[in-house]
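What follows is a set of notes on a single structure, which appears directly below.
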Amino acid sequence: MTQSELLTRLSPLLKAECAAEAAAVAGTDAADLEQGVWVRLLSDSRTIVSAARLRATVRAEARAARRRARREVLYDPTHGEPPCAPDAGVEQQVLAAEEGRALRAAVRRLPGRCPRLLAALLSRKDPTYREIAGELGMSQGSLGPVRSRCLGCLRRMLTAEVAAPEPWGKER
């Protein structure tokens with residue numbers, strides 16, 4: 001059976017299963033769940049797709065979506081500073097503001113195109129990858145790998161600055 005025949009035959013069942021599972025997962029769209037299931041199913045060409053396999057894959061993707069939903073924190077572009085509880089004391093607010101300033105200073109110290117790229121990605125205007133690529137004179141396909149390298153560099157820089165030795169001379 002070709003992939004187009006497979007899509008035609010299993011699509012109604014997949015839509016129904018995803019709609020049922022998405023209702024149980026807060027913040028998940030059935031279409032997003034459906035797309036994730038197709039990616040899982042079609043990425044492994046050795047897997048024989050049946051109705052039972054389809055249902056199992058939908059449930060696995062829904063579990064993964066639940067785990068992601070528990071870990072993700074929504075980004076609020078109206079605030080430049082890290083979120084701080086409204087009832088937090090003045091000391092907590094000052095510490096949060098200082099962390100934000102330290103992070104922005106570390107981003108400015110990054111080498112090469114990293115400061116401009118990360119500033120564009122974190123812009124309040126929320127530009128698309130196409131707009132960022134045009135602004136920086138880069139190809140759209142290279143933004144992801146460059147962003148990954150920049151974040152790795154930033155992580156190493158901040159780890160070196162903040163790492164406190166643990167007992168017996170070990171460092172984190």
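Lettering and numbering for the structure tokens are positional, with chains as A, B, ... in the shown order, residues counted from 1 in each chain, and ligands counted from 1 in the shown order.
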For this session: May I have the residues within 7 Å of stretch 37-45 of chain A as a list in words, using only C-alpha atoms and disregarding those fewer than 3 positions away in the same chain?
Result: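 What passes the distance filter is Leu33, Glu34, Thr57, Val58 and Glu61 of chain A.
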Exercise. Contacts of A:Leu136 at 10 Å or less, counting only C-alpha atoms, minus same-chain residues fewer than 2 places along, as a list of chain:residue names?
Worked result: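 Non-adjacent residues within range: A:Arg113, A:Arg116, A:Leu117, A:Ala120, A:Glu131, A:Ile132, A:Ala133, A:Gly134, A:Met138, A:Ser139, A:Gln140, A:Leu143.
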For this session: Go ahead and compute the interatomic distance for atom CA of A:Gln35 and atom CA of A:Gly152, in Å to one decimal.
Result: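 These atoms are spaced 29.1 Å apart.
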Exercise. Mind checking DSSP for stretch 88-165 of chain A and telling me the alpha helix (DSSP H) residues as a ChimeraX atom specification?
Worked result: /A:90-108,114-121,129-136,140-162
Close residues, A:Asp29 itself excluded, 10 Å, only C-alpha atoms, min 5 positions apart in chain, as a CSV table (one decimal) with N, CA, C and O atoms, in the first residue's frame:
chain,number,residue,atom,x,y,z
A,18,CYS,N,-7.5,11.5,17.3
A,18,CYS,CA,-6.8,12.8,17.8
A,18,CYS,C,-7.8,13.7,18.4
A,18,CYS,O,-7.5,14.4,19.4
A,19,ALA,N,-9.0,13.9,17.9
A,19,ALA,CA,-10.0,14.8,18.5
A,19,ALA,C,-10.3,14.3,19.9
A,19,ALA,O,-10.5,15.1,20.8
A,21,GLU,N,-8.5,12.4,22.0
A,21,GLU,CA,-7.3,12.5,22.8
A,21,GLU,C,-7.0,14.0,23.1
A,21,GLU,O,-6.6,14.4,24.2
A,22,ALA,N,-7.1,14.9,22.1
A,22,ALA,CA,-6.8,16.3,22.3
A,22,ALA,C,-7.8,16.9,23.3
A,22,ALA,O,-7.4,17.9,24.1
A,23,ALA,N,-9.0,16.4,23.4
A,23,ALA,CA,-9.9,17.0,24.4
A,23,ALA,C,-9.4,16.7,25.8
A,23,ALA,O,-9.7,17.4,26.8
A,34,GLU,N,-2.5,15.2,15.5
A,34,GLU,CA,-2.5,14.4,14.2
A,34,GLU,C,-1.2,14.5,13.5
A,34,GLU,O,-0.7,13.5,13.0
Exercise. A:Gln93, A:Gly137, A:Val107, A:Arg124: which is nearest A:Arg155, counting only C-alpha atoms?
Worked result: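 For A:Arg155, the nearest of the candidates is A:Val107.
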Problem set entry | Atom-to-atom span, atom CA of A:Glu98 and atom CA of A:Gly144, Å |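 Computing it gives 28.6 Å between the two atoms.
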For this session: Mind giving me the straight-line distance from atom CA of A:Ala65 to atom CA of A:Thr28 in Å, one decimal?
Result: 7.2 Å
